[in-house]
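Please read the structure below before turning to the comments.
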Amino acid sequence: MIAFQNVSKHYDNNIVLKDISFSVQKAEMAFITGPSGAGKSTILKLMYMEERPDEGDIVIGDFHLASLKASKIPFFRRGIGIVFQDFKLIDNLTVIDNVALSLRIRGVSEKEVKTLAFTALKKVHLRHKADNFPKSLSGGEQQRVVIARAIVAEPFLVLADEPTGNLDSNTALDIMKVFRGINISGTTVIIATHNRELFRYTGKRVLKLDGGNLIGEEVG
Amino acid sequence: MIAFQNVSKHYDNNIVLKDISFSVQKAEMAFITGPSGAGKSTILKLMYMEERPDEGDIVIGDFHLASLKASKIPFFRRGIGIVFQDFKLIDNLTVIDNVALSLRIRGVSEKEVKTLAFTALKKVHLRHKADNFPKSLSGGEQQRVVIARAIVAEPFLVLADEPTGNLDSNTALDIMKVFRGINISGTTVIIATHNRELFRYTGKRVLKLDGGNLIGEEVG
Amino acid sequence: MALEYSFRSAFQSLWREKWINMLSMFTVFSGLLIISLISFFLYNFEVIANRLPERFSIIVYLNEKLSGEEINNVIDTLKKRQDVLSLKYISKDEALKEIKKVLRDSSHILEGLSENPLSSSVEIKLKKDYVTSSAVRQISGEIRMMSGVEDVQSGERIAEAIHLFKRSLQNISIIILAIISSGVIFVSYSTVKILFFRRKEEIDILKLLGATKGFIRAPFIIEGSVIGLIGGGLAAAGILGFYFAVTYRLSVYIPLFKMLILPQEILILLPLTGIMLGIIGSAIAIGRLKP
Amino acid sequence: MALEYSFRSAFQSLWREKWINMLSMFTVFSGLLIISLISFFLYNFEVIANRLPERFSIIVYLNEKLSGEEINNVIDTLKKRQDVLSLKYISKDEALKEIKKVLRDSSHILEGLSENPLSSSVEIKLKKDYVTSSAVRQISGEIRMMSGVEDVQSGERIAEAIHLFKRSLQNISIIILAIISSGVIFVSYSTVKILFFRRKEEIDILKLLGATKGFIRAPFIIEGSVIGLIGGGLAAAGILGFYFAVTYRLSVYIPLFKMLILPQEILILLPLTGIMLGIIGSAIAIGRLKP
Ligand SMILES: Nc1ncnc2c1ncn2[C@@H]1O[C@H](COP(=O)(O)OP(=O)(O)OP(=O)(O)O)[C@@H](O)[C@H]1O
Ligand SMILES: Nc1ncnc2c1ncn2[C@@H]1O[C@H](COP(=O)(O)OP(=O)(O)OP(=O)(O)O)[C@@H](O)[C@H]1O
Ligand SMILES: [Mg+2]
Ligand SMILES: [Mg+2]
């Protein structure tokens, strides 16, 4: 369902990913781990097309990313929910509007937008911060808003980049429950993290990255 | 040396810190922990005066923050090195210039600036990224630049807010070694973190915060 | 619907960034006001300059011995010329009266004359386009050839001066308007561009979340057109105010100012131009929107 | 040293944001060019308008029977008046010549005259400030009372027209310049303010790192003054170019344009104004810099 086929990526003279190949099945939950600078975020960026591979192709569902027309990109991205490592919240929208944005972009009718957005916020325990602006939230709260925004539109694929970096372990476990929930209902989930706690004892596949090389797989 | 005296802080009708009192000795290393939204960052913000307390006073060295004149604030802040939870790197300065900024602000002569900045970068293993811009770094790399900037000017106090949120455990341990190093040479270090790994087995004091209340202390 | 969201988002952002938006509004306002003020003056200069050729005339002196019928023939022939706008016959007696006026008190010196020594004449006004030295030279040459015409007094040099004054005025108008308009356009463009840089991050986020170009553009374009509309409306109000101030207050002193003309279309044209500027500005600022 | 850093930082940022900086430069350039172009025209209008009173004259007709000595007496008395700028004696004979000129070919009608029936006269030019209807009325009244003076022809209404035209021109100049200048200032201010918003985050970070206000402001102010200097310099070049284009190229057609004056000080004044605008702009934009 997701396949990296001999993908390489470099910036200037810095080779970030070297001939990476792997695949993830539909409705699978998989982890990508590795030290700081290993290339985890780059793999996710390639998947949602913030970056383009230098070589190789990436197949996601019916989309061949190497040959995807620019005009199709928005529609491709609407199938994906993304938890950005640097959050990317819009500062001048309230929390609820940031979450609702995901729905509005997808053309969901205004009637449903509010209900769905509040449900998603409730899942990350932030219902009471709905009308705050992102800058007035704590680091962990902001991160949970991003997670709510990623899952609210029920995408077929969720890409989460270090989704618990600002969360204490209890809250992190809560969030992992949310991911497992949507995964069980059929969503493919890929999580990039340096936090081994997240995948320990999950029985899920973990791709191990180091210096741009896929150095192996383990089961969490 | 650092003393919180019955400090309270609220935003609108949201009470964030309730009557907090504690003190940290000169050259001590202390941790503040607690779940997401507990008030950790707020305590640090009060210490470097990004926020002012509603009630109570904070004493840091010779400075009584409640009555500190605005014109003295820059000089007060120059004694402190801060690792911000949201990094606060300047996007259009290179990594080395971001680190050097700390020195230039303090009036260090240009001759020493480069040497000191490179030394600090080396400590966080980012010597090779000196000429990159922050946006082209991975999340963990950016975080390490912030740490280098905080320690480069040899402040008497370092405040670190979730300094390893984006770091894998090996890199995190490396960074903790850096903090312990400057602490041993006499710098007071206060680290706010949700990551119990950081203080486990350190034998340092850990202040436990929850919902704006100081709910106790433990030894890591 | 998406449209509802676009409008709400546009108005929220208008309100949220009211300070900056007011500045952009004033940019549009000042720009349009400056351009229309200058156009207003140049236009009125042109109107006045266009009337200058009316002041120019050729005097055709008729032979003393012509009979009334012969005089009428000459006048008819002159009237039929395509370059003649209008003409006026001045009889000997009228000419004498004119001279007496000029001589004032001393006109009694003429009283001893037994007979009027002046010629009767025809004063010709030419059509606008013929008031140039070469045309006038040719025309007076042709008229001089006519039978019954004794002499033609034409003042080619005055004709040339009028012609060149008009042409230079046009040239200068175009240069000034071009310089100032390009200044104003530059400034508006830079304002818009800077505003866009300010929102670049937001736009990038929207793109990553899967928003189409239309979805991203719509609120910006609505915002731009509202800012442009208000700016243009203010400019229309400004020029109207200026016009009334000048014509009502200053024309008390100088009747000339009563003649100033403010084309009414400008009051609709300015807000429309404002809207157009706003829309084009936003569209250009957002640019091609690479995915 | 800190100063070295400030300069380096200013020039780095000038280069890094060259696109936006070029836009601000053009804002300063266009703004100053617009203002100086308009001032240039208004100034020259004034210069021309100031010469209008020179065209105005009072004609004093002298008694026919005055002897040469008496005439000299009258002229001396007139010369001593403080409101008289200059005067010119026109003898009977000269007056007759003038009339003959007016009568053209028909001047032979005057040949029968045994004696010259005209009066000799004095043409008086008044000092600028006395060319108003009330002053002229009073002056001609006083002169009419003098012995030896037969009549005074003054044209109060023309004097009044000239006076009012000058005054209105001044009023309109001030209004136009005020409107346009405030437009330009608004726009410059908004550009600077927007630029500042763009750097607000950077400034906030600097403050948190312990930078003093001077440290934060210095690069901005250096940047602003460089932008202002270049913008002002370009404006000076622009107005100079415009001036030569107009005087050299157009004065071939219209000699009037040769009279246009470009005060040389403007070529230094414009860059200086640019620098001042840049510095004040940056200072205002950064504002009070709360800690
Ligand atoms: N735009 C860029 N230009 C240059 N180098 C880049 C760019 N983006 C990323 N890199 C480099 O690519 C390498 C991998 O980056 P990536 O963000 O994928 O790491 P990561 O595994 O997510 O690390 P972390 O855990 O620290 O977030 C890093 O060394 C980084 O400096
Ligand atoms: N400017 C503000 N306006 C309103 N509420 C605020 C503001 N800043 C912080 N808060 C609230 O204060 C509470 C404590 O925030 P703080 O950032 O101190 O938490 P924290 O302990 O650092 O959490 P985290 O581990 O998630 O970073 C949070 O609930 C947050 O929403
Ligand atoms: Mg990453
Ligand atoms: Mg925090």
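Going through the structure tokens in order, the chains are called A, B, and so on, while each chain numbers its residues from 1 and the ligands are numbered from 1 in the order shown.
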
Requested in this report: For ligand 1, collect every residue having any atom at a distance of at most 10 Å from a ligand atom (counting only C-alpha atoms and all ligand atoms); output as a VMD selection string.
Outcome: (chain A and resid 9 to 17 32 to 46 51 85 to 86 161 to 162 165 192 to 195 209 to 212) or (chain B and resid 126 128 to 129 132 to 144 165 to 168 171)

Take the residues from that selection and put them in a file with C-alpha atoms, as an mmCIF file, in the first residue's frame.
data_model
loop_
_atom_site.group_PDB
_atom_site.id
_atom_site.type_symbol
_atom_site.label_atom_id
_atom_site.label_comp_id
_atom_site.auth_asym_id
_atom_site.auth_seq_id
_atom_site.Cartn_x
_atom_site.Cartn_y
_atom_site.Cartn_z
ATOM 1 C CA LYS A 9 17.567 12.245 -1.287
ATOM 2 C CA HIS A 10 20.294 14.826 -0.863
ATOM 3 C CA TYR A 11 20.563 18.502 -0.013
ATOM 4 C CA ASP A 12 23.516 20.174 -1.717
ATOM 5 C CA ASN A 13 26.380 17.844 -0.877
ATOM 6 C CA ASN A 14 24.622 16.295 2.106
ATOM 7 C CA ILE A 15 23.204 12.873 1.301
ATOM 8 C CA VAL A 16 20.257 12.414 3.671
ATOM 9 C CA LEU A 17 18.671 9.186 2.429
ATOM 10 C CA ILE A 32 10.532 4.688 12.093
ATOM 11 C CA THR A 33 13.288 5.233 14.617
ATOM 12 C CA GLY A 34 16.862 6.372 14.701
ATOM 13 C CA PRO A 35 19.108 9.025 16.214
ATOM 14 C CA SER A 36 18.808 12.758 15.671
ATOM 15 C CA GLY A 37 19.497 13.602 12.032
ATOM 16 C CA ALA A 38 19.036 10.010 10.831
ATOM 17 C CA GLY A 39 16.476 11.004 8.186
ATOM 18 C CA LYS A 40 13.154 10.136 9.874
ATOM 19 C CA SER A 41 11.483 13.458 9.113
ATOM 20 C CA THR A 42 12.838 13.386 5.580
ATOM 21 C CA ILE A 43 11.116 10.050 4.915
ATOM 22 C CA LEU A 44 7.813 11.513 6.112
ATOM 23 C CA LYS A 45 8.328 14.712 4.086
ATOM 24 C CA LEU A 46 8.824 12.601 0.989
ATOM 25 C CA GLU A 51 10.158 17.149 -0.639
ATOM 26 C CA GLN A 85 7.545 17.843 14.202
ATOM 27 C CA ASP A 86 7.471 21.637 14.318
ATOM 28 C CA ASP A 161 6.662 12.982 13.327
ATOM 29 C CA GLU A 162 7.850 12.798 16.929
ATOM 30 C CA GLY A 165 8.317 14.830 22.071
ATOM 31 C CA ALA A 192 8.672 8.592 13.404
ATOM 32 C CA THR A 193 10.096 8.733 16.902
ATOM 33 C CA HIS A 194 13.260 8.496 18.918
ATOM 34 C CA ASN A 195 11.260 7.388 21.949
ATOM 35 C CA LEU A 209 17.367 4.350 10.347
ATOM 36 C CA ASP A 210 20.880 5.695 10.846
ATOM 37 C CA GLY A 211 22.767 8.260 8.807
ATOM 38 C CA GLY A 212 20.308 7.916 5.928
ATOM 39 C CA LEU B 126 27.073 20.133 15.414
ATOM 40 C CA HIS B 128 29.687 20.407 10.752
ATOM 41 C CA LYS B 129 26.366 22.280 10.559
ATOM 42 C CA ASN B 132 23.558 25.854 7.769
ATOM 43 C CA PHE B 133 20.412 27.809 8.435
ATOM 44 C CA PRO B 134 18.120 26.555 11.220
ATOM 45 C CA LYS B 135 15.310 25.590 8.818
ATOM 46 C CA SER B 136 17.597 23.097 7.148
ATOM 47 C CA LEU B 137 18.308 21.225 10.367
ATOM 48 C CA SER B 138 16.433 18.267 11.792
ATOM 49 C CA GLY B 139 14.320 18.867 14.913
ATOM 50 C CA GLY B 140 16.943 17.399 17.228
ATOM 51 C CA GLU B 141 19.732 19.356 15.566
ATOM 52 C CA GLN B 142 17.856 22.620 16.072
ATOM 53 C CA GLN B 143 17.347 21.767 19.706
ATOM 54 C CA ARG B 144 21.066 21.207 20.141
ATOM 55 C CA GLY B 165 12.193 16.541 23.677
ATOM 56 C CA ASN B 166 13.482 16.035 20.162
ATOM 57 C CA LEU B 167 16.516 13.923 21.024
ATOM 58 C CA ASP B 168 17.013 10.182 21.048
ATOM 59 C CA THR B 171 22.031 12.111 22.293
#

**Report entry** Within 6 Å of chain D: residues of chain B, using only C-alpha atoms, as a list in words
**Finding:**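 Residues of chain B within 6 Å of chain D, counting only C-alpha atoms: Pro74, Arg77, Arg78, Ile105 and Ser109 of chain B.
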
Query - From A:Lys18, A:Lys204, A:Lys123, A:Lys88, residue lying nearest chain B [only C-alpha atoms] - result: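 Of the candidates, the smallest distance to chain B is held by A:Lys88.
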
**Report entry** Close residues, segment 146-161 of chain C itself excluded, 6 Å, only C-alpha atoms, min 5 positions apart in chain, as a list in words
**Finding:** Ile58, Ile59, Val60, Tyr61, Leu62, Asn63, Val131, Thr132 and Ser133 of chain C

Got time to write the residues from that selection, C-alpha atoms, as a compact mmCIF listing (two decimals), in the first residue's frame?
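Written output follows (out-v5.txt):
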# COMPACT_ATOMS: atom_id res chain seq x y z
CA ILE C 58 -6.88 85.09 -39.59
CA ILE C 59 -7.93 88.53 -40.81
CA VAL C 60 -8.80 88.76 -44.51
CA TYR C 61 -8.81 92.36 -45.79
CA LEU C 62 -11.21 92.82 -48.68
CA ASN C 63 -10.73 95.04 -51.69
CA VAL C 131 -3.74 75.96 -36.05
CA THR C 132 -0.11 75.15 -36.94
CA SER C 133 2.32 77.42 -38.71

Can you tell me which residues surround Leu103 of chain A at a distance of at most 9 Å, considering only C-alpha atoms, apart from same-chain residues fewer than 3 positions away, and format the answer as a short mmCIF file (atom, residue, chain, number, x, y, z; two decimals) with N, CA, C and O atoms, in the first residue's frame?
data_model
loop_
_atom_site.label_atom_id
_atom_site.label_comp_id
_atom_site.auth_asym_id
_atom_site.auth_seq_id
_atom_site.Cartn_x
_atom_site.Cartn_y
_atom_site.Cartn_z
N VAL A 99 -8.05 23.07 14.14
CA VAL A 99 -8.48 21.69 13.92
C VAL A 99 -9.50 21.65 12.78
O VAL A 99 -9.44 20.79 11.89
N ALA A 100 -10.44 22.61 12.81
CA ALA A 100 -11.51 22.62 11.81
C ALA A 100 -10.97 22.84 10.40
O ALA A 100 -11.57 22.39 9.42
N ARG A 106 -11.19 20.11 3.21
CA ARG A 106 -11.75 18.95 2.53
C ARG A 106 -13.21 19.16 2.13
O ARG A 106 -13.88 18.24 1.68
N GLY A 107 -13.72 20.35 2.35
CA GLY A 107 -15.08 20.67 1.91
C GLY A 107 -16.19 20.10 2.79
O GLY A 107 -17.33 19.96 2.34
N VAL A 108 -15.87 19.72 4.03
CA VAL A 108 -16.91 19.22 4.93
C VAL A 108 -17.88 20.37 5.25
O VAL A 108 -17.47 21.51 5.41
N SER A 109 -19.17 20.05 5.32
CA SER A 109 -20.17 21.11 5.53
C SER A 109 -20.03 21.69 6.93
O SER A 109 -19.69 21.00 7.89
N GLU A 110 -20.28 23.01 7.04
CA GLU A 110 -20.08 23.73 8.30
C GLU A 110 -20.83 23.09 9.46
O GLU A 110 -20.41 23.17 10.62
N GLU A 112 -21.27 19.97 10.18
CA GLU A 112 -20.51 18.87 10.78
C GLU A 112 -19.18 19.32 11.36
O GLU A 112 -18.66 18.69 12.28
N VAL A 113 -18.63 20.42 10.80
CA VAL A 113 -17.27 20.82 11.16
C VAL A 113 -17.11 20.96 12.67
O VAL A 113 -16.21 20.35 13.27
N LEU A 116 -17.30 17.55 14.65
CA LEU A 116 -16.14 16.70 14.44
C LEU A 116 -14.90 17.28 15.11
O LEU A 116 -14.12 16.56 15.75
N ALA A 117 -14.72 18.60 15.01
CA ALA A 117 -13.54 19.23 15.59
C ALA A 117 -13.53 19.08 17.10
O ALA A 117 -12.50 18.76 17.71
N ARG A 149 -5.70 17.78 14.81
CA ARG A 149 -5.90 18.24 13.44
C ARG A 149 -5.57 17.14 12.44
O ARG A 149 -6.20 17.02 11.38
N VAL A 152 -8.66 14.43 12.60
CA VAL A 152 -10.06 14.84 12.60
C VAL A 152 -10.79 14.48 11.31
O VAL A 152 -11.97 14.16 11.33
N ALA A 153 -10.07 14.49 10.17
CA ALA A 153 -10.77 14.28 8.90
C ALA A 153 -10.78 12.80 8.49
O ALA A 153 -11.10 12.48 7.35
#

Query - Who sits within 6 Å of Asp19 of chain B, only C-alpha atoms, same chain under 4 positions skipped, as an MDAnalysis selection string - result: chainID B and resid 6:8

Query raised in the report: Looking at only C-alpha atoms, which of D:Ile266, D:Ala235, D:Leu126, D:Val226 is the one that sits closest to chain C?
Result: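 Ranking D:Ile266, D:Ala235, D:Leu126, D:Val226 by distance to chain C, first place goes to D:Ala235.
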
Requested in this report: Within segment 33-168 of chain A, find each residue whose DSSP state, derived from the backbone, is alpha helix (DSSP H), and express the selection as a ChimeraX atom specification.
Outcome: /A:40-47,73-77,95-105,110-123,139-151

With C-alpha atoms retained, could you export that selection as a short mmCIF file (atom, residue, chain, number, x, y, z; two decimals), in the first residue's frame?
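Output file again_13.cif is given in full below:
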data_model
loop_
_atom_site.label_atom_id
_atom_site.label_comp_id
_atom_site.auth_asym_id
_atom_site.auth_seq_id
_atom_site.Cartn_x
_atom_site.Cartn_y
_atom_site.Cartn_z
CA LYS A 40 13.15 10.14 9.87
CA SER A 41 11.48 13.46 9.11
CA THR A 42 12.84 13.39 5.58
CA ILE A 43 11.12 10.05 4.92
CA LEU A 44 7.81 11.51 6.11
CA LYS A 45 8.33 14.71 4.09
CA LEU A 46 8.82 12.60 0.99
CA MET A 47 5.56 10.80 1.74
CA ILE A 73 -1.12 17.20 -5.00
CA PRO A 74 -3.83 18.90 -2.89
CA PHE A 75 -6.20 15.98 -3.46
CA PHE A 76 -3.46 13.48 -2.66
CA ARG A 77 -2.64 15.30 0.57
CA VAL A 95 -7.37 25.94 18.55
CA ILE A 96 -10.79 24.83 17.33
CA ASP A 97 -10.35 26.67 14.02
CA ASN A 98 -6.94 25.13 13.52
CA VAL A 99 -8.48 21.69 13.92
CA ALA A 100 -11.51 22.62 11.81
CA LEU A 101 -9.23 23.83 9.01
CA SER A 102 -8.49 20.21 8.12
CA LEU A 103 -12.21 19.66 7.58
CA ARG A 104 -12.90 22.90 5.76
CA ILE A 105 -10.08 22.25 3.31
CA GLU A 110 -20.08 23.73 8.30
CA LYS A 111 -22.76 21.85 10.24
CA GLU A 112 -20.51 18.87 10.78
CA VAL A 113 -17.27 20.82 11.16
CA LYS A 114 -17.84 21.99 14.72
CA THR A 115 -19.01 18.61 16.01
CA LEU A 116 -16.14 16.70 14.44
CA ALA A 117 -13.54 19.23 15.59
CA PHE A 118 -14.76 19.14 19.18
CA THR A 119 -14.76 15.33 19.16
CA ALA A 120 -11.15 15.30 18.00
CA LEU A 121 -10.14 17.87 20.63
CA LYS A 122 -11.82 15.77 23.31
CA LYS A 123 -9.70 12.77 22.29
CA GLY A 139 4.31 22.92 24.39
CA GLY A 140 2.54 19.64 25.02
CA GLU A 141 -0.87 21.19 24.50
CA GLN A 142 0.18 22.56 21.12
CA GLN A 143 1.45 19.18 20.12
CA ARG A 144 -1.90 17.60 21.01
CA VAL A 145 -3.74 20.18 18.89
CA VAL A 146 -1.59 19.12 15.95
CA ILE A 147 -2.53 15.51 16.61
CA ALA A 148 -6.23 16.40 16.74
CA ARG A 149 -5.90 18.24 13.44
CA ALA A 150 -4.19 15.23 11.86
CA ILE A 151 -6.90 12.73 12.78
#
